[in-house]
file data.txt (compact mmCIF, C-alpha atoms)
# COMPACT_ATOMS: atom_id res chain seq x y z
CA MET D 103 30.37 -102.76 30.53
CA GLY D 104 27.13 -100.87 30.77
CA ILE D 105 23.57 -102.03 31.12
CA ASP D 106 21.40 -102.88 28.14
CA PHE D 107 18.55 -100.52 28.95
CA LYS D 108 16.47 -101.66 25.96
CA ALA D 109 16.38 -105.19 27.37
CA LEU D 110 15.80 -103.83 30.88
CA GLN D 111 12.77 -101.89 29.69
CA GLU D 112 11.27 -105.12 28.36
CA THR D 113 11.96 -107.09 31.54
CA VAL D 114 10.57 -104.39 33.79
CA LYS D 115 7.49 -104.09 31.61
CA GLN D 116 6.90 -107.85 31.76
CA ARG D 117 7.39 -108.07 35.50
CA PHE D 118 5.60 -104.97 36.69
CA GLY D 119 3.17 -104.26 33.87
CA GLU D 120 0.94 -101.31 34.59
CA GLN D 121 3.18 -100.12 37.46
CA VAL D 122 5.53 -98.63 34.88
CA LEU D 123 4.43 -95.21 33.70
CA ALA D 124 7.27 -94.18 31.42
CA TRP D 125 10.96 -94.37 30.65
CA SER D 126 12.96 -91.24 30.11
CA GLU D 127 16.34 -90.75 28.53
CA PHE D 128 18.50 -87.67 28.58
CA ARG D 129 22.08 -87.70 27.32
CA GLY D 130 22.50 -91.34 28.14
CA GLN D 131 20.95 -91.10 31.60
CA TYR D 132 17.91 -93.29 32.03
CA GLY D 133 14.94 -92.72 34.27
CA LEU D 134 12.19 -95.12 35.23
CA HIS D 135 8.85 -93.59 36.25
CA VAL D 136 6.66 -95.89 38.31
CA LYS D 137 3.59 -95.78 40.51
CA SER D 138 4.33 -95.85 44.21
CA GLY D 139 2.29 -98.98 44.99
CA ARG D 140 4.95 -101.68 44.51
CA ILE D 141 8.04 -99.49 44.74
CA VAL D 142 9.91 -101.82 47.10
CA GLU D 143 9.44 -104.75 44.73
CA VAL D 144 10.70 -102.67 41.82
CA LEU D 145 13.74 -101.52 43.76
CA ARG D 146 14.47 -105.00 45.04
CA PHE D 147 14.34 -106.35 41.48
CA LEU D 148 16.72 -103.63 40.27
CA ARG D 149 19.09 -104.33 43.13
CA ASP D 150 19.15 -108.12 42.87
CA ASP D 151 18.78 -108.81 39.14
CA PRO D 152 22.15 -109.94 37.73
CA ALA D 153 21.59 -107.83 34.61
CA THR D 154 21.39 -104.61 36.64
CA LYS D 155 22.85 -105.08 40.13
CA PHE D 156 22.09 -101.58 41.38
CA VAL D 157 23.67 -102.34 44.73
CA MET D 158 24.29 -98.74 45.72
CA LEU D 159 21.68 -96.16 46.58
CA THR D 160 23.34 -92.80 46.01
CA ASP D 161 20.50 -90.54 47.06
CA VAL D 162 16.84 -90.35 47.94
CA THR D 163 15.20 -87.06 47.19
CA CYS D 164 11.85 -85.65 46.21
CA VAL D 165 10.25 -83.25 43.74
CA ASP D 166 7.14 -81.21 44.42
CA GLY D 167 5.14 -80.87 41.21
CA LEU D 168 2.70 -78.26 42.47
CA LYS D 169 1.71 -75.69 39.84
CA LEU D 170 3.88 -77.08 37.09
CA PRO D 171 3.53 -75.42 33.68
CA GLU D 172 1.12 -77.22 31.37
CA THR D 173 3.88 -78.54 29.14
CA MET D 174 5.37 -80.45 32.05
CA GLU D 175 2.18 -81.66 33.69
CA GLN D 176 2.04 -84.65 31.34
CA GLY D 177 4.98 -86.34 32.99
CA PHE D 178 3.73 -85.62 36.51
CA PRO D 179 0.63 -87.66 37.28
CA GLU D 180 0.73 -86.99 41.04
CA ARG D 181 1.91 -84.09 43.15
CA PHE D 182 5.15 -85.56 44.54
CA ALA D 183 7.84 -87.69 42.97
CA VAL D 184 10.22 -89.54 45.28
CA VAL D 185 13.46 -89.99 43.35
CA TYR D 186 15.92 -92.80 43.97
CA HIS D 187 19.35 -92.51 42.41
CA LEU D 188 20.82 -95.96 41.89
CA TYR D 189 24.33 -96.94 40.93
CA SER D 190 25.56 -100.29 39.73
CA LEU D 191 29.15 -100.91 40.76
CA GLU D 192 29.37 -104.01 38.60
CA HIS D 193 28.12 -102.40 35.38
CA ASN D 194 29.23 -98.83 36.13
CA ASP D 195 25.85 -97.41 35.22
CA ARG D 196 23.21 -95.31 36.87
CA LEU D 197 19.44 -95.26 36.95
CA ARG D 198 16.99 -92.73 38.30
CA VAL D 199 13.73 -94.18 39.62
CA LYS D 200 10.83 -91.80 40.15
CA ALA D 201 7.87 -92.96 42.20
CA PHE D 202 4.84 -90.67 42.11
CA VAL D 203 3.09 -90.05 45.41
CA PRO D 204 -0.28 -88.31 45.69
CA GLU D 205 -0.91 -85.48 48.11
CA ASP D 206 -3.39 -87.53 50.10
CA PRO D 207 -2.48 -90.07 51.38
CA CYS D 208 1.12 -88.87 51.24
CA GLU D 209 2.66 -92.29 51.80
CA ILE D 210 5.12 -94.66 50.20
CA ASP D 211 6.85 -97.85 51.34
CA SER D 212 10.28 -97.42 52.84
CA ALA D 213 13.37 -98.72 51.07
CA ALA D 214 15.37 -98.74 54.29
CA GLY D 215 15.15 -102.54 54.32
CA LEU D 216 16.98 -102.71 50.99
CA TRP D 217 19.72 -100.15 51.48
CA ALA D 218 20.85 -98.79 54.83
CA ALA D 219 21.58 -95.53 53.00
CA ALA D 220 17.86 -95.02 52.49
CA ASN D 221 17.34 -94.47 56.21
CA TRP D 222 18.64 -90.91 56.45
CA GLY D 223 17.65 -90.01 52.92
CA GLU D 224 14.05 -90.86 53.64
CA ARG D 225 14.17 -89.01 56.93
CA GLU D 226 15.28 -85.93 55.02
CA VAL D 227 12.46 -86.31 52.51
CA PHE D 228 10.02 -86.76 55.37
CA ASP D 229 11.39 -83.70 57.13
CA LEU D 230 11.33 -81.35 54.16
CA PHE D 231 8.43 -82.72 52.07
CA GLY D 232 6.28 -84.46 54.64
CA ILE D 233 6.11 -87.81 52.88
CA ASN D 234 5.46 -90.71 55.23
CA PHE D 235 7.56 -93.78 54.62
CA ARG D 236 5.68 -96.85 55.74
CA GLY D 237 7.87 -99.28 57.63
CA HIS D 238 10.73 -96.85 58.19
CA PRO D 239 12.61 -97.84 61.36
CA ASP D 240 13.09 -94.34 62.74
CA LEU D 241 11.09 -91.65 60.98
CA ARG D 242 12.08 -88.43 62.76
CA ARG D 243 13.11 -85.00 61.56
CA ILE D 244 16.77 -84.86 60.62
CA LEU D 245 17.53 -81.28 59.51
CA MET D 246 14.93 -79.13 61.21
CA PRO D 247 14.47 -78.89 64.99
CA ALA D 248 12.16 -81.50 66.46
CA ASN D 249 9.52 -78.93 67.40
CA TYR D 250 9.40 -77.43 63.91
CA GLU D 251 6.02 -77.44 62.24
CA GLY D 252 5.47 -77.84 58.54
CA HIS D 253 7.56 -79.13 55.69
CA PRO D 254 9.55 -76.24 54.26
CA LEU D 255 10.48 -77.54 50.80
CA ARG D 256 6.86 -77.95 49.77
CA LYS D 257 6.04 -75.36 47.19
CA ASP D 258 3.09 -74.01 49.13
CA TYR D 259 5.32 -73.28 52.14
CA PRO D 260 6.02 -69.53 52.48
CA LEU D 261 9.51 -68.52 51.41
CA LYS D 262 10.26 -66.63 54.61
CA GLY D 263 8.90 -69.38 56.80
CA ARG D 264 6.00 -68.94 59.16
CA GLY D 265 7.71 -66.73 61.68
CA GLU D 266 9.70 -69.49 63.38
CA ARG D 267 12.84 -67.41 63.19
CA ASP D 268 11.27 -64.30 64.67
CA ASN D 269 9.69 -66.23 67.51
CA PHE D 270 12.92 -67.99 68.36
CA PRO D 271 13.72 -67.65 72.10
CA LYS D 272 16.08 -64.85 73.05
CA TYR D 273 18.98 -65.16 75.41
CA THR D 274 18.25 -63.88 78.88
CA GLU D 275 21.07 -63.42 81.29
CA ILE D 276 20.64 -65.39 84.49
CA PRO D 277 20.45 -62.95 87.42
CA GLU D 278 23.16 -63.48 89.99
CA ALA D 279 22.12 -64.70 93.38
CA MET A 147 38.21 -66.51 91.22
CA GLY A 148 35.59 -67.82 93.57
CA ILE A 149 35.31 -66.13 96.94
CA LEU A 150 37.71 -63.30 96.13
CA GLN A 151 35.88 -62.10 93.07
CA ASN A 152 34.45 -58.58 93.26
CA ARG A 153 34.83 -58.49 97.07
CA PHE A 154 37.06 -55.45 97.57
CA ASP A 155 35.86 -51.88 97.79
CA GLU A 156 39.15 -50.06 97.80
CA GLU A 157 40.63 -48.63 94.64
CA ASN A 158 44.16 -48.75 95.97
CA VAL A 159 47.43 -49.61 94.32
CA ILE A 160 47.38 -53.26 95.33
CA PHE A 161 43.98 -54.17 93.97
CA THR A 162 44.30 -52.21 90.75
CA ASN A 163 47.67 -53.76 90.05
CA VAL A 164 46.52 -57.26 90.89
CA ASP A 165 43.52 -56.81 88.63
CA THR A 166 45.73 -55.63 85.82
CA LEU A 167 48.02 -58.58 86.32
CA LEU A 168 45.17 -61.07 86.25
CA ASN A 169 43.67 -59.41 83.21
CA LEU A 170 47.02 -59.50 81.45
CA GLY A 171 47.08 -63.22 82.02
CA LYS A 172 43.57 -63.68 80.70
CA GLU A 173 44.00 -61.57 77.61
CA HIS A 174 47.25 -63.21 76.58
CA SER A 175 46.04 -66.77 76.86
CA LEU A 176 42.67 -66.72 75.11
CA TRP A 177 42.22 -70.34 74.23
CA TYR A 178 39.46 -70.56 71.69
CA LEU A 179 37.02 -73.29 70.88
CA LEU A 180 37.73 -74.89 67.53
CA PHE A 181 34.24 -74.55 66.16
CA ALA A 182 33.10 -73.52 62.72
CA THR A 183 29.91 -74.14 60.81
CA ALA A 184 30.41 -72.57 57.38
CA CYS A 185 32.86 -70.79 55.08
CA CYS A 186 33.99 -68.44 57.86
CA GLY A 187 35.63 -71.55 59.22
CA ILE A 188 38.04 -71.52 56.27
CA GLU A 189 39.20 -68.04 57.25
CA LEU A 190 39.40 -69.21 60.84
CA MET A 191 41.71 -72.03 59.79
CA GLN A 192 43.77 -69.57 57.78
CA TRP A 193 43.98 -67.38 60.85
CA GLY A 194 45.13 -70.28 62.97
CA ALA A 195 47.65 -71.51 60.40
CA SER A 196 51.17 -70.33 59.82
CA LYS A 197 50.56 -67.16 57.80
CA TYR A 198 48.45 -65.33 60.38
CA ASP A 199 49.38 -67.63 63.25
CA SER A 200 47.05 -67.14 66.17
CA ASP A 201 49.54 -68.92 68.43
CA ARG A 202 51.68 -65.81 68.65
CA PHE A 203 48.85 -64.11 70.58
CA GLY A 204 48.76 -67.01 73.00
CA MET A 205 45.63 -68.33 71.36
CA ILE A 206 45.60 -72.07 71.10
CA PRO A 207 42.66 -73.91 69.57
CA ARG A 208 40.98 -76.29 71.96
CA SER A 209 38.80 -79.13 70.81
CA THR A 210 36.69 -79.21 73.94
CA PRO A 211 34.63 -76.36 75.34
CA ARG A 212 35.74 -77.28 78.85
CA GLN A 213 39.22 -75.89 78.18
CA ALA A 214 38.16 -72.89 76.12
CA ASP A 215 37.84 -69.23 77.15
CA LEU A 216 36.66 -67.83 73.86
CA MET A 217 34.07 -69.02 71.42
CA ILE A 218 34.40 -67.77 67.85
CA VAL A 219 31.05 -68.38 66.19
CA ALA A 220 32.24 -68.75 62.62
CA GLY A 221 29.45 -69.39 60.20
CA THR A 222 25.75 -69.83 59.62
CA ILE A 223 23.76 -71.00 62.61
CA THR A 224 20.54 -72.80 61.81
CA LEU A 225 17.63 -73.17 64.20
CA LYS A 226 18.63 -76.74 64.96
CA MET A 227 22.28 -75.83 65.48
CA ALA A 228 21.42 -72.97 67.84
CA SER A 229 20.64 -75.20 70.79
CA ARG A 230 23.91 -77.08 70.20
CA VAL A 231 25.85 -73.82 70.17
CA LYS A 232 24.22 -72.83 73.41
CA ARG A 233 25.13 -76.16 74.97
CA LEU A 234 28.76 -75.66 73.93
CA TYR A 235 28.67 -72.16 75.37
CA GLU A 236 27.28 -73.37 78.66
CA GLN A 237 30.00 -76.01 78.91
CA MET A 238 32.73 -73.38 78.75
CA PRO A 239 34.08 -72.35 82.16
CA GLU A 240 33.86 -68.75 83.35
CA PRO A 241 35.22 -66.28 82.42
CA LYS A 242 34.20 -66.69 78.81
CA TRP A 243 33.79 -64.47 75.78
CA VAL A 244 32.17 -64.74 72.40
CA ILE A 245 33.25 -63.31 69.06
CA SER A 246 30.61 -63.39 66.37
CA MET A 247 32.46 -63.81 63.10
CA GLY A 248 30.92 -62.96 59.74
CA SER A 249 27.58 -61.72 58.52
CA CYS A 250 25.70 -64.96 59.17
CA ALA A 251 26.55 -65.11 62.84
CA ASN A 252 26.02 -61.35 63.20
CA ALA A 253 22.60 -61.03 61.63
CA GLY A 254 21.75 -63.97 59.43
CA GLY A 255 23.74 -62.68 56.48
CA PRO A 256 22.43 -63.60 53.04
CA PHE A 257 19.76 -65.72 54.72
CA CYS A 258 18.42 -62.85 56.79
CA LYS A 259 15.40 -62.08 54.67
CA TYR A 260 14.42 -65.24 52.83
CA SER A 261 14.95 -68.39 54.81
CA TYR A 262 12.96 -70.70 56.97
CA SER A 263 15.79 -72.27 58.92
CA VAL A 264 18.61 -69.80 59.63
CA LEU A 265 18.89 -67.98 62.94
CA LYS A 266 18.90 -64.19 62.57
CA GLY A 267 22.12 -63.65 64.44
CA ILE A 268 23.70 -65.69 67.21
CA ASP A 269 23.24 -62.76 69.64
CA LYS A 270 19.62 -63.83 69.91
CA TYR A 271 20.81 -66.94 71.65
CA ILE A 272 24.12 -66.32 73.41
CA PRO A 273 25.67 -63.00 74.49
CA VAL A 274 28.24 -61.60 72.06
CA ASP A 275 31.21 -59.38 72.96
CA VAL A 276 32.68 -58.50 69.59
CA TYR A 277 31.13 -58.56 66.14
CA VAL A 278 33.45 -59.00 63.17
CA PRO A 279 31.69 -58.06 59.91
CA GLY A 280 32.53 -59.51 56.52
CA CYS A 281 31.39 -62.35 54.34
CA PRO A 282 33.67 -63.95 55.31
CA PRO A 283 35.97 -61.55 57.20
CA ARG A 284 39.64 -61.70 56.33
CA PRO A 285 41.96 -63.04 59.02
CA GLU A 286 43.19 -59.47 59.61
CA ALA A 287 39.67 -58.47 60.57
CA LEU A 288 39.48 -61.36 63.00
CA ILE A 289 42.80 -60.32 64.53
CA GLU A 290 41.36 -56.83 64.92
CA GLY A 291 38.35 -58.39 66.64
CA VAL A 292 40.58 -60.28 69.04
CA PHE A 293 42.47 -57.08 69.88
CA LYS A 294 39.17 -55.31 70.57
CA LEU A 295 38.24 -58.16 72.86
CA ARG A 296 41.57 -57.81 74.65
CA GLU A 297 40.74 -54.18 75.35
CA VAL A 298 37.45 -55.31 76.89
CA ILE A 299 39.20 -57.87 79.06
CA HIS A 300 41.82 -55.35 80.12
CA GLU A 301 39.14 -53.11 81.63
CA GLU A 302 37.48 -55.87 83.62
CA ARG A 303 37.39 -55.75 87.40
CA VAL A 304 38.40 -58.97 89.04
CA LEU A 305 39.07 -58.33 92.74
CA ARG A 306 37.55 -54.86 92.92
CA LYS A 307 33.82 -54.46 93.21
CA GLN A 308 31.88 -53.58 90.11
CA GLY A 309 30.84 -49.93 89.94
CA LYS A 310 27.46 -48.90 91.34
CA THR A 311 26.02 -49.44 87.90
CA PRO A 312 28.05 -52.31 86.50
CA LYS A 313 29.12 -51.63 82.97
CA PRO A 314 26.95 -53.71 80.67
CA ARG A 315 28.74 -55.84 78.16
CA THR A 316 28.34 -53.53 75.22
CA PRO A 317 29.22 -55.27 72.01
CA ILE A 318 31.89 -53.85 69.74
CA VAL A 319 31.77 -53.83 65.96
CA VAL A 320 35.08 -54.15 64.20
CA GLU A 321 35.79 -52.20 61.03
CA ASP A 322 37.38 -54.15 58.25
CA PRO A 323 40.66 -52.33 57.52
CA HIS A 324 40.58 -53.42 53.87
CA ALA A 325 36.91 -52.86 53.20
CA HIS A 326 37.52 -50.22 50.53
CA ASP A 327 40.68 -51.64 49.02
CA PRO A 328 39.65 -54.55 46.83
CA PHE A 329 43.16 -55.25 45.64
CA ALA A 330 44.42 -55.61 49.18
CA ARG A 331 41.66 -58.08 49.92
CA HIS A 332 42.95 -60.48 47.30
CA SER A 333 46.65 -60.16 47.82
CA GLY A 334 46.99 -60.33 51.57
CA GLY A 335 47.64 -56.61 51.88
CA ALA A 336 50.38 -56.36 49.26
CA LYS A 337 50.38 -53.13 47.29
CA LEU A 338 50.59 -53.02 43.54
CA VAL A 339 53.86 -51.43 42.47
CA LYS A 340 54.09 -50.12 38.94
CA ALA A 341 57.24 -51.01 37.10

call {"tool": "encode", "arguments": {"input": "data.txt", "output": "structure tokens"}}
result
Amino acid sequence: MGIDFKALQETVKQRFGEQVLAWSEFRGQYGLHVKSGRIVEVLRFLRDDPATKFVMLTDVTCVDGLKLPETMEQGFPERFAVVYHLYSLEHNDRLRVKAFVPEDPCEIDSAAGLWAAANWGEREVFDLFGINFRGHPDLRRILMPANYEGHPLRKDYPLKGRGERDNFPKYTEIPEA
Amino acid sequence: MGILQNRFDEENVIFTNVDTLLNLGKEHSLWYLLFATACCGIELMQWGASKYDSDRFGMIPRSTPRQADLMIVAGTITLKMASRVKRLYEQMPEPKWVISMGSCANAGGPFCKYSYSVLKGIDKYIPVDVYVPGCPPRPEALIEGVFKLREVIHEERVLRKQGKTPKPRTPIVVEDPHAHDPFARHSGGAKLVKA
């Protein structure tokens, strides 16, 4: 049981070369930091390789690295990191894949073709962080109203919002005929 | 009531008594919409379950707005949810009432000041008859709210014409009977007896 992450590091390095930025390890949890260019290939390899078999995508989320302290800037080459949480049912092991996305163009390939679970997860990331997923089948807002402007989980978004709540329409009683 | 509603001028013994009778029927069969969006919903379930038992007031939860008379807005309403709440409200047949349950539905609650997505009170979007404060309110407070609403319904004019200046639906704020008795809040009203 368990994945040999030492061997996996070698294989990934051989296959994807300069795409790999770093590996992280914290209390037995491994993280793979990659560039966003060939993210779908990396994810497809992790899903299909018999040594890993990460067949389940638990979550897609995102981190905004704006104004990080200097000590942490090293591990954050671009502004955003799209995070994929993978789980291997066969090996009972998890992996966290971080793909770094620049502010402009704020784009990454969609993983919705690999896991159906990525569909809504990526919609949420698009809604709250404004990252465009190329090739996503249905990239609409999922949590905020359709007419909402802005992406509220970005760190430069004001904490109180931009007055959307105060300008929300009030109820007016319909006058009787 | 259709064509008979608010058509009669006289304040005589027939119309007043018929109004009272109709109001008695309405206030003792307040079927409420089973609708909850946050932790207030847990208290709502408690209130509907055997200990507090809303059934004994003739209040039966309905799963469709088309059979409901009362909407209890229990929980946080976000901007996206607001239009859905309004659609549910519009699907309810007249006459209909709304109880706003808990701080979030009343005024935005803990999200009132710092949030980008939470509506600052459901009364901005649908008319509210009774506000029940608390975070979340205990089932007793909700029962108090329902009894306040019954008083409102009891005063309504059904057959008789509205007064020259029809009474506006002034909202009522319920006081939590156990607000200053923390022990009572955790023990369902039981008093501590020293041995």

call {"tool": "interface_residues", "arguments": {"input": "data.txt", "of": "chain A", "to": "chain D", "cutoff": "7 Å", "atoms": "only C-alpha atoms", "output": "PyMOL selection string"}}
result
chain A and resi 225-226+259-262+265-266+270-272

call {"tool": "residues_near_point", "arguments": {"input": "data.txt", "point": "(35.0, -61.7, 60.4)", "cutoff": "7 Å", "atoms": "only C-alpha atoms", "output": "ChimeraX atom specification"}}
result
/A:247-248,278-280,282-284,287-288

call {"tool": "atom_distance", "arguments": {"input": "data.txt", "atom1": "atom CA of A:Ile268", "atom2": "atom CA of A:Arg202"}}
result
28.0 Å

call {"tool": "residues_around", "arguments": {"input": "data.txt", "residues": "A:Arg306", "least_positions_apart": "5", "cutoff": "7 Å", "atoms": "only C-alpha atoms", "output": "list in words"}}
result
Asn152, Arg153, Phe154, Asp155 and Phe161 of chain A

call {"tool": "residues_around", "arguments": {"input": "data.txt", "residues": "D:His238", "least_positions_apart": "3", "cutoff": "7 Å", "atoms": "only C-alpha atoms", "output": "list in words"}}
result
Ser212, Ala214, Phe235 and Leu241 of chain D

call {"tool": "decode", "arguments": {"input": "data.txt", "residues": "stretch 175-185 of chain D", "atoms": "all heavy atoms", "output": "CSV table (one decimal), in the first residue's frame"}}
result
chain,number,residue,atom,x,y,z
D,175,GLU,N,7.6,34.1,-0.7
D,175,GLU,CA,7.6,34.5,-2.2
D,175,GLU,C,8.4,33.5,-3.0
D,175,GLU,O,8.0,33.3,-4.2
D,175,GLU,CB,8.1,35.9,-2.4
D,175,GLU,CG,7.0,36.9,-2.6
D,175,GLU,CD,7.5,38.3,-2.8
D,175,GLU,OE1,8.8,38.4,-2.8
D,175,GLU,OE2,6.7,39.2,-2.9
D,176,GLN,N,9.4,32.9,-2.4
D,176,GLN,CA,10.2,31.9,-3.1
D,176,GLN,C,9.4,30.8,-3.8
D,176,GLN,O,9.6,30.5,-5.0
D,176,GLN,CB,11.2,31.3,-2.2
D,176,GLN,CG,12.3,32.2,-1.8
D,176,GLN,CD,13.3,32.3,-2.9
D,176,GLN,OE1,13.7,31.4,-3.5
D,176,GLN,NE2,13.8,33.6,-3.1
D,177,GLY,N,8.4,30.2,-3.0
D,177,GLY,CA,7.7,29.1,-3.5
D,177,GLY,C,6.5,29.6,-4.4
D,177,GLY,O,5.6,28.8,-4.7
D,178,PHE,N,6.4,30.8,-4.7
D,178,PHE,CA,5.2,31.3,-5.4
D,178,PHE,C,5.6,32.1,-6.7
D,178,PHE,O,5.6,33.4,-6.7
D,178,PHE,CB,4.4,32.2,-4.5
D,178,PHE,CG,2.9,31.7,-4.4
D,178,PHE,CD1,2.6,30.8,-3.4
D,178,PHE,CD2,2.0,32.2,-5.2
D,178,PHE,CE1,1.3,30.4,-3.3
D,178,PHE,CE2,0.7,31.8,-5.1
D,178,PHE,CZ,0.3,30.8,-4.2
D,179,PRO,N,6.0,31.5,-7.7
D,179,PRO,CA,6.5,32.2,-8.9
D,179,PRO,C,5.5,33.1,-9.6
D,179,PRO,O,5.9,34.0,-10.2
D,179,PRO,CB,7.0,31.1,-9.8
D,179,PRO,CG,6.3,29.9,-9.4
D,179,PRO,CD,6.0,30.0,-7.9
D,180,GLU,N,4.2,32.7,-9.6
D,180,GLU,CA,3.2,33.5,-10.2
D,180,GLU,C,2.2,33.9,-9.2
D,180,GLU,O,2.3,33.5,-8.0
D,180,GLU,CB,2.5,32.7,-11.3
D,180,GLU,CG,3.4,32.1,-12.3
D,180,GLU,CD,4.0,33.1,-13.3
D,180,GLU,OE1,3.6,34.3,-13.2
D,180,GLU,OE2,4.7,32.7,-14.2
D,181,ARG,N,1.2,34.7,-9.6
D,181,ARG,CA,0.3,35.3,-8.6
D,181,ARG,C,-0.7,34.2,-8.1
D,181,ARG,O,-0.9,34.1,-6.9
D,181,ARG,CB,-0.6,36.4,-9.2
D,181,ARG,CG,-1.5,36.9,-8.2
D,181,ARG,CD,-2.3,38.1,-8.6
D,181,ARG,NE,-3.4,38.4,-7.7
D,181,ARG,CZ,-4.3,39.3,-7.9
D,181,ARG,NH1,-4.2,40.2,-8.9
D,181,ARG,NH2,-5.3,39.5,-7.0
D,182,PHE,N,-1.3,33.4,-9.0
D,182,PHE,CA,-2.3,32.4,-8.6
D,182,PHE,C,-1.7,31.0,-8.6
D,182,PHE,O,-0.8,30.7,-9.4
D,182,PHE,CB,-3.5,32.4,-9.5
D,182,PHE,CG,-4.2,33.7,-9.4
D,182,PHE,CD1,-4.1,34.6,-10.5
D,182,PHE,CD2,-5.0,34.0,-8.3
D,182,PHE,CE1,-4.8,35.8,-10.4
D,182,PHE,CE2,-5.7,35.2,-8.3
D,182,PHE,CZ,-5.6,36.1,-9.3
D,183,ALA,N,-2.2,30.1,-7.7
D,183,ALA,CA,-1.9,28.7,-7.8
D,183,ALA,C,-3.2,28.0,-7.8
D,183,ALA,O,-4.0,28.0,-6.8
D,183,ALA,CB,-1.0,28.3,-6.6
D,184,VAL,N,-3.5,27.3,-8.9
D,184,VAL,CA,-4.7,26.4,-8.9
D,184,VAL,C,-4.3,25.1,-8.3
D,184,VAL,O,-3.3,24.5,-8.7
D,184,VAL,CB,-5.2,26.2,-10.4
D,184,VAL,CG1,-6.4,25.3,-10.4
D,184,VAL,CG2,-5.6,27.5,-11.0
D,185,VAL,N,-5.0,24.6,-7.3
D,185,VAL,CA,-4.6,23.4,-6.6
D,185,VAL,C,-5.6,22.3,-6.9
D,185,VAL,O,-6.8,22.5,-6.8
D,185,VAL,CB,-4.6,23.7,-5.1
D,185,VAL,CG1,-4.0,22.6,-4.3
D,185,VAL,CG2,-3.9,25.0,-4.8
